[in-house]
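A.B. asks: Got coords-v9.txt for you, compact mmCIF, C-alpha atoms:
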# COMPACT_ATOMS: atom_id res chain seq x y z
CA MET A 1 69.79 -11.13 -7.35
CA LYS A 2 71.46 -7.96 -6.09
CA ASN A 3 68.57 -5.92 -7.49
CA VAL A 4 66.12 -7.82 -5.29
CA PHE A 5 68.06 -6.93 -2.15
CA ASP A 6 68.53 -3.31 -3.19
CA ASN A 7 64.97 -2.55 -4.28
CA TYR A 8 62.07 -2.81 -1.82
CA GLU A 9 59.40 -3.35 -4.45
CA ALA A 10 61.45 -6.20 -5.95
CA ALA A 11 62.04 -7.70 -2.47
CA ARG A 12 58.45 -7.44 -1.17
CA PRO A 13 57.17 -10.77 -2.56
CA TYR A 14 60.05 -12.59 -0.85
CA ILE A 15 59.90 -11.02 2.61
CA ARG A 16 59.04 -13.32 5.51
CA ARG A 17 59.02 -13.00 9.29
CA PHE A 18 61.19 -15.25 11.40
CA ILE A 19 59.69 -15.59 14.87
CA PHE A 20 61.99 -16.26 17.80
CA ASP A 21 62.27 -16.26 21.56
CA PRO A 22 64.80 -13.55 22.51
CA ASP A 23 65.82 -15.52 25.60
CA LEU A 24 66.92 -18.39 23.34
CA ARG A 25 68.31 -16.29 20.46
CA PRO A 26 69.72 -13.09 22.06
CA GLU A 27 72.22 -12.66 19.20
CA PHE A 28 69.39 -11.39 16.97
CA LEU A 29 68.87 -8.44 19.30
CA LYS A 30 72.51 -7.32 18.94
CA ASN A 31 72.77 -7.14 15.15
CA ARG A 32 70.79 -3.98 14.31
CA LEU A 33 68.19 -5.99 12.44
CA ALA A 34 64.64 -4.85 11.75
CA ILE A 35 62.85 -6.35 14.78
CA SER A 36 59.26 -6.23 15.98
CA ARG A 37 58.13 -7.37 19.41
CA HIS A 38 55.06 -9.51 19.99
CA GLY A 39 54.56 -10.10 23.71
CA LYS A 40 57.40 -12.35 24.86
CA LEU A 41 58.39 -13.14 21.28
CA CYS A 42 60.15 -11.16 18.58
CA ALA A 43 60.33 -11.33 14.81
CA ILE A 44 63.07 -10.43 12.40
CA TYR A 45 62.36 -9.86 8.74
CA ILE A 46 64.14 -11.74 6.00
CA ILE A 47 64.23 -11.93 2.24
CA TYR A 48 63.80 -15.60 1.35
CA ILE A 49 64.23 -16.59 -2.30
CA PRO A 50 63.94 -20.29 -3.14
CA HIS A 51 65.78 -21.66 -6.19
CA PRO A 52 63.96 -24.93 -6.92
CA GLU A 53 66.08 -25.70 -9.97
CA ASP A 54 69.08 -26.50 -7.79
CA ASP A 55 67.34 -26.91 -4.40
CA THR A 56 69.04 -23.86 -2.85
CA THR A 57 67.86 -20.59 -1.33
CA SER A 58 69.08 -17.03 -0.98
CA LEU A 59 68.51 -15.54 2.43
CA GLN A 60 69.15 -12.01 3.67
CA CYS A 61 68.17 -10.55 7.04
CA ILE A 62 66.66 -7.08 6.74
CA SER A 63 68.67 -4.58 8.72
CA GLU A 64 67.84 -1.09 9.93
CA ARG A 65 70.25 0.16 7.26
CA MET A 66 68.23 -1.59 4.53
CA LEU A 67 65.05 0.10 5.77
CA LYS A 68 66.80 3.48 5.45
CA ARG A 69 68.14 2.65 1.98
CA TRP A 70 64.63 1.56 0.90
CA ASP A 71 63.20 4.70 2.56
CA ILE A 72 60.51 2.79 4.45
CA SER A 73 59.64 2.52 8.13
CA LEU A 74 59.47 -0.64 10.20
CA ASP A 75 55.70 -0.07 10.45
CA THR A 76 55.41 -0.09 6.64
CA LEU A 77 57.43 -3.30 6.46
CA ILE A 78 55.22 -4.97 9.10
CA LYS A 79 52.00 -3.89 7.36
CA ASP A 80 53.21 -5.13 3.97
CA VAL A 81 54.31 -8.46 5.44
CA CYS A 82 50.95 -8.89 7.22
CA ASP A 83 49.10 -8.20 3.96
CA SER A 84 51.22 -10.68 1.99
CA GLU A 85 50.87 -13.36 4.67
CA LEU A 86 47.15 -13.60 3.96
CA GLU A 87 47.95 -15.01 0.52
CA GLN A 88 50.52 -17.51 1.81
CA VAL A 89 48.61 -19.32 4.55
CA HIS A 90 47.88 -23.01 4.45
CA ILE A 91 46.48 -25.15 7.19
CA PHE A 92 46.35 -28.90 7.06
CA ASN A 93 45.26 -31.94 8.98
CA GLY A 94 47.46 -34.99 8.56
CA ILE A 95 48.75 -35.18 5.02
CA SER A 96 46.04 -33.29 3.16
CA PHE A 97 46.32 -29.56 2.63
CA GLY A 98 43.27 -27.45 3.25
CA GLU A 99 42.17 -24.48 1.24
CA ASN A 100 43.93 -21.16 1.51
CA LEU A 101 43.01 -20.00 4.99
CA TYR A 102 42.27 -16.48 3.84
CA TYR A 103 39.10 -17.70 2.15
CA TYR A 104 37.96 -19.74 5.17
CA SER A 105 36.39 -22.22 2.80
CA LYS A 106 37.23 -25.49 4.53
CA LYS A 107 35.96 -26.63 7.90
CA PHE A 108 37.92 -29.29 9.73
CA ASP A 109 35.28 -31.19 11.66
CA ASP A 110 37.25 -34.31 12.51
CA TRP A 111 40.68 -33.38 13.76
CA ASP A 112 42.96 -33.50 16.77
CA ILE A 113 45.82 -31.30 15.64
CA LEU A 114 46.07 -28.89 12.72
CA CYS A 115 49.28 -27.45 11.34
CA LEU A 116 49.60 -23.82 10.27
CA THR A 117 52.37 -22.89 7.86
CA ASN A 118 52.86 -20.93 4.65
CA THR A 119 52.78 -22.15 1.06
CA ASP A 120 56.53 -22.77 0.86
CA LYS A 121 56.66 -24.28 4.38
CA GLN A 122 59.52 -21.99 5.38
CA PHE A 123 59.30 -19.64 8.37
CA GLY A 124 55.54 -20.21 8.59
CA ALA A 125 55.30 -20.13 12.40
CA SER A 126 55.23 -16.33 12.29
CA LEU A 127 51.84 -16.40 10.55
CA ILE A 128 50.26 -16.83 13.96
CA LEU A 129 51.24 -13.22 14.74
CA ASN A 130 48.78 -12.00 12.11
CA LYS A 131 45.46 -11.01 13.70
CA ALA A 132 43.40 -11.72 10.56
CA ILE A 133 44.89 -15.22 10.36
CA ARG A 134 44.10 -15.90 14.02
CA GLN A 135 40.51 -14.78 13.42
CA GLY A 136 40.31 -17.08 10.40
CA ILE A 137 41.57 -20.02 12.43
CA GLY A 138 38.90 -19.28 15.03
CA GLU A 139 36.25 -19.48 12.31
CA ILE A 140 37.68 -22.73 10.94
CA VAL A 141 37.93 -24.48 14.29
CA GLY A 142 34.68 -23.07 15.59
CA GLY A 143 35.93 -21.04 18.53
CA HIS A 144 38.92 -20.85 20.80
CA PHE A 145 42.14 -22.69 20.08
CA ILE A 146 45.58 -23.23 21.54
CA VAL A 147 48.80 -22.63 19.61
CA LEU A 148 51.73 -24.95 20.18
CA PRO A 149 54.95 -23.71 18.59
CA SER A 150 56.59 -26.73 16.99
CA SER A 151 59.35 -25.09 14.93
CA VAL A 152 60.13 -21.83 13.18
CA HIS A 153 58.36 -23.26 10.13
CA GLU A 154 54.96 -24.16 11.57
CA VAL A 155 52.74 -24.12 14.63
CA MET A 156 50.26 -26.74 15.77
CA ILE A 157 46.68 -25.76 16.52
CA ILE A 158 44.46 -27.65 18.96
CA ARG A 159 40.95 -26.88 20.15
CA ASP A 160 40.67 -25.25 23.51
CA ALA A 161 38.49 -27.97 25.00
CA ASN A 162 39.99 -28.13 28.48
CA GLU A 163 42.26 -30.90 27.24
CA ASP A 164 45.24 -32.07 29.22
CA LEU A 165 47.88 -29.99 27.46
CA ASP A 166 50.77 -31.87 29.04
CA TYR A 167 50.39 -34.60 26.41
CA PHE A 168 50.85 -32.07 23.58
CA TYR A 169 53.72 -30.24 25.26
CA ASP A 170 55.48 -33.54 25.95
CA MET A 171 55.00 -34.58 22.32
CA LEU A 172 56.48 -31.32 21.02
CA ALA A 173 59.36 -31.45 23.48
CA GLU A 174 60.14 -35.00 22.33
CA PHE A 175 60.07 -33.95 18.66
CA ASN A 176 62.18 -30.85 19.28
CA ALA A 177 64.72 -32.83 21.31
CA ASN A 178 65.34 -35.19 18.40
CA PRO A 179 67.71 -33.53 15.86
CA MET A 180 66.61 -36.10 13.27
CA ILE A 181 63.10 -34.57 13.38
CA VAL A 182 63.78 -30.88 14.10
CA LYS A 183 67.23 -29.34 13.70
CA PRO A 184 68.23 -27.37 16.82
CA GLU A 185 68.37 -24.04 14.94
CA ARG A 186 64.76 -24.57 13.84
CA CYS A 187 63.40 -25.19 17.33
CA PHE A 188 61.02 -22.58 18.52
CA MET A 189 60.91 -23.45 22.22
Now that the file is in, can you turn its structure into structure tokens?
C.D. replies:
Amino acid sequence: MKNVFDNYEAARPYIRRFIFDPDLRPEFLKNRLAISRHGKLCAIYIIYIPHPEDDTTSLQCISERMLKRWDISLDTLIKDVCDSELEQVHIFNGISFGENLYYYSKKFDDWDILCLTNTDKQFGASLILNKAIRQGIGEIVGGHFIVLPSSVHEVMIIRDANEDLDYFYDMLAEFNANPMIVKPERCFM
């Protein structure tokens, strides 16, 4: 395990972005972590290694010191994460998973809300930061769409059809307020 954290090439397949609101999580800004800014939001970078045999995970935040030890820049890290995200994307409607979004092979004609996450359903909300993924969603939904952040693990996608968005915001607020549905540390808003 130590080798994965010490070697960038070994760590690359396990690196994810964790998207957060700096107003709600200011502690992330104080810890000298590798951080990128995306409008009002920020992302930290983590090494996430699932261990399905015992239902545990190893998690390590990537610090500025790790970038120096790996001899890479933050820009290199961001580019590599964006490239790997294209292989991890899944979008689904209800309980059925769609095709890998990168291939744009499935159209969702009859839907109200889609969910965007990654293949392991962990820290998938950050996929919406990826421009190629946003373009792919636009192709799938047939135009403009609205992103509703539901947790750090996924975002909800709705068509931009001049809908009354209050209904959707109220629904997400209700879900996020219930710790039985979304744990407080996983809330995005």
A.B. asks: Smallest atom-to-atom distance to Asp75 (chain A): which of A:Tyr167, A:Phe28, A:Tyr45, A:Phe145, using only C-alpha atoms?
C.D. replies: A:Tyr45
A.B. asks: Which residues, written as a short mmCIF file (atom, residue, chain, number, x, y, z; two decimals) with C-alpha atoms, in the coordinates of the input, have at least one atom at most 10 Å from Cys82 (chain A), with all atoms listed in the file counted and residues fewer than 2 positions away on the same chain left out?
C.D. replies:
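Writing done, so here's result07.cif:
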data_model
loop_
_atom_site.label_atom_id
_atom_site.label_comp_id
_atom_site.auth_asym_id
_atom_site.auth_seq_id
_atom_site.Cartn_x
_atom_site.Cartn_y
_atom_site.Cartn_z
CA ARG A 16 59.04 -13.32 5.51
CA ARG A 17 59.02 -13.00 9.29
CA THR A 76 55.41 -0.09 6.64
CA LEU A 77 57.43 -3.30 6.46
CA ILE A 78 55.22 -4.97 9.10
CA LYS A 79 52.00 -3.89 7.36
CA ASP A 80 53.21 -5.13 3.97
CA SER A 84 51.22 -10.68 1.99
CA GLU A 85 50.87 -13.36 4.67
CA LEU A 86 47.15 -13.60 3.96
CA GLU A 87 47.95 -15.01 0.52
CA SER A 126 55.23 -16.33 12.29
CA LEU A 127 51.84 -16.40 10.55
CA LEU A 129 51.24 -13.22 14.74
CA ASN A 130 48.78 -12.00 12.11
CA LYS A 131 45.46 -11.01 13.70
CA ALA A 132 43.40 -11.72 10.56
CA ILE A 133 44.89 -15.22 10.36
#
A.B. asks: Compile the contact shell of Arg37 (chain A) as a count of residues only: residues with an atom at most 10 Å away, counting all atoms listed in the file, same-chain residues fewer than 5 positions apart removed.
C.D. replies: 6
A.B. asks: Looking at only C-alpha atoms, which of A:Cys115, A:Ile140, A:Ile49, A:Ile62 is the one that sits closest to Pro13 (chain A)?
C.D. replies: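 Using only C-alpha atoms, the shortest distance to Pro13 (chain A) belongs to A:Ile49.
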A.B. asks: Would you mind listing what lies within 12 Å of Tyr8 (chain A) as a ChimeraX atom specification, with all atoms listed in the file counted and same-chain residues fewer than 5 positions away left out?
C.D. replies: /A:2-3,13-15,47,62,66-73,76-77,80
A.B. asks: Limited to C-alpha atoms, could you put the picked residues into a file as a PDB file, in the coordinates of the input?
C.D. replies:
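Output below, filename result23.pdb:
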ATOM      1  CA  LYS A   2      71.460  -7.960  -6.090  1.00  0.00           C
ATOM      2  CA  ASN A   3      68.570  -5.920  -7.490  1.00  0.00           C
ATOM      3  CA  PRO A  13      57.170 -10.770  -2.560  1.00  0.00           C
ATOM      4  CA  TYR A  14      60.050 -12.590  -0.850  1.00  0.00           C
ATOM      5  CA  ILE A  15      59.900 -11.020   2.610  1.00  0.00           C
ATOM      6  CA  ILE A  47      64.230 -11.930   2.240  1.00  0.00           C
ATOM      7  CA  ILE A  62      66.660  -7.080   6.740  1.00  0.00           C
ATOM      8  CA  MET A  66      68.230  -1.590   4.530  1.00  0.00           C
ATOM      9  CA  LEU A  67      65.050   0.100   5.770  1.00  0.00           C
ATOM     10  CA  LYS A  68      66.800   3.480   5.450  1.00  0.00           C
ATOM     11  CA  ARG A  69      68.140   2.650   1.980  1.00  0.00           C
ATOM     12  CA  TRP A  70      64.630   1.560   0.900  1.00  0.00           C
ATOM     13  CA  ASP A  71      63.200   4.700   2.560  1.00  0.00           C
ATOM     14  CA  ILE A  72      60.510   2.790   4.450  1.00  0.00           C
ATOM     15  CA  SER A  73      59.640   2.520   8.130  1.00  0.00           C
ATOM     16  CA  THR A  76      55.410  -0.090   6.640  1.00  0.00           C
ATOM     17  CA  LEU A  77      57.430  -3.300   6.460  1.00  0.00           C
ATOM     18  CA  ASP A  80      53.210  -5.130   3.970  1.00  0.00           C
TER      19      ASP A  80
END
A.B. asks: Could you check the closest approach to Lys30 (chain A) for each of A:Tyr48, A:Arg12, A:Glu64, A:Asp54 and tell me which residue wins, using all atoms listed in the file?
C.D. replies: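 Smallest separation from Lys30 (chain A) among the options: A:Glu64.
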A.B. asks: A:Leu24, A:Leu59, A:Leu29, A:Ala11: which is nearest Val81 (chain A), counting all atoms listed in the file?
C.D. replies: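 Ranking A:Leu24, A:Leu59, A:Leu29, A:Ala11 by distance to Val81 (chain A), first place goes to A:Ala11.
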A.B. asks: Have a look at A:Ile128, A:Asp23, A:Phe123, A:Ser63 and name the one nearest to Lys40 (chain A); count only C-alpha atoms.
C.D. replies: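 Smallest separation from Lys40 (chain A) among the options: A:Asp23.
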A.B. asks: Could you tell me how far CA of His90 (chain A) sits from CA of Gly142 (chain A), in Å to one decimal place?
C.D. replies: 17.3 Å
A.B. asks: Between CA of Gly136 (chain A) and CA of Val155 (chain A), what is the distance, to one decimal in Å?
C.D. replies: 14.9 Å
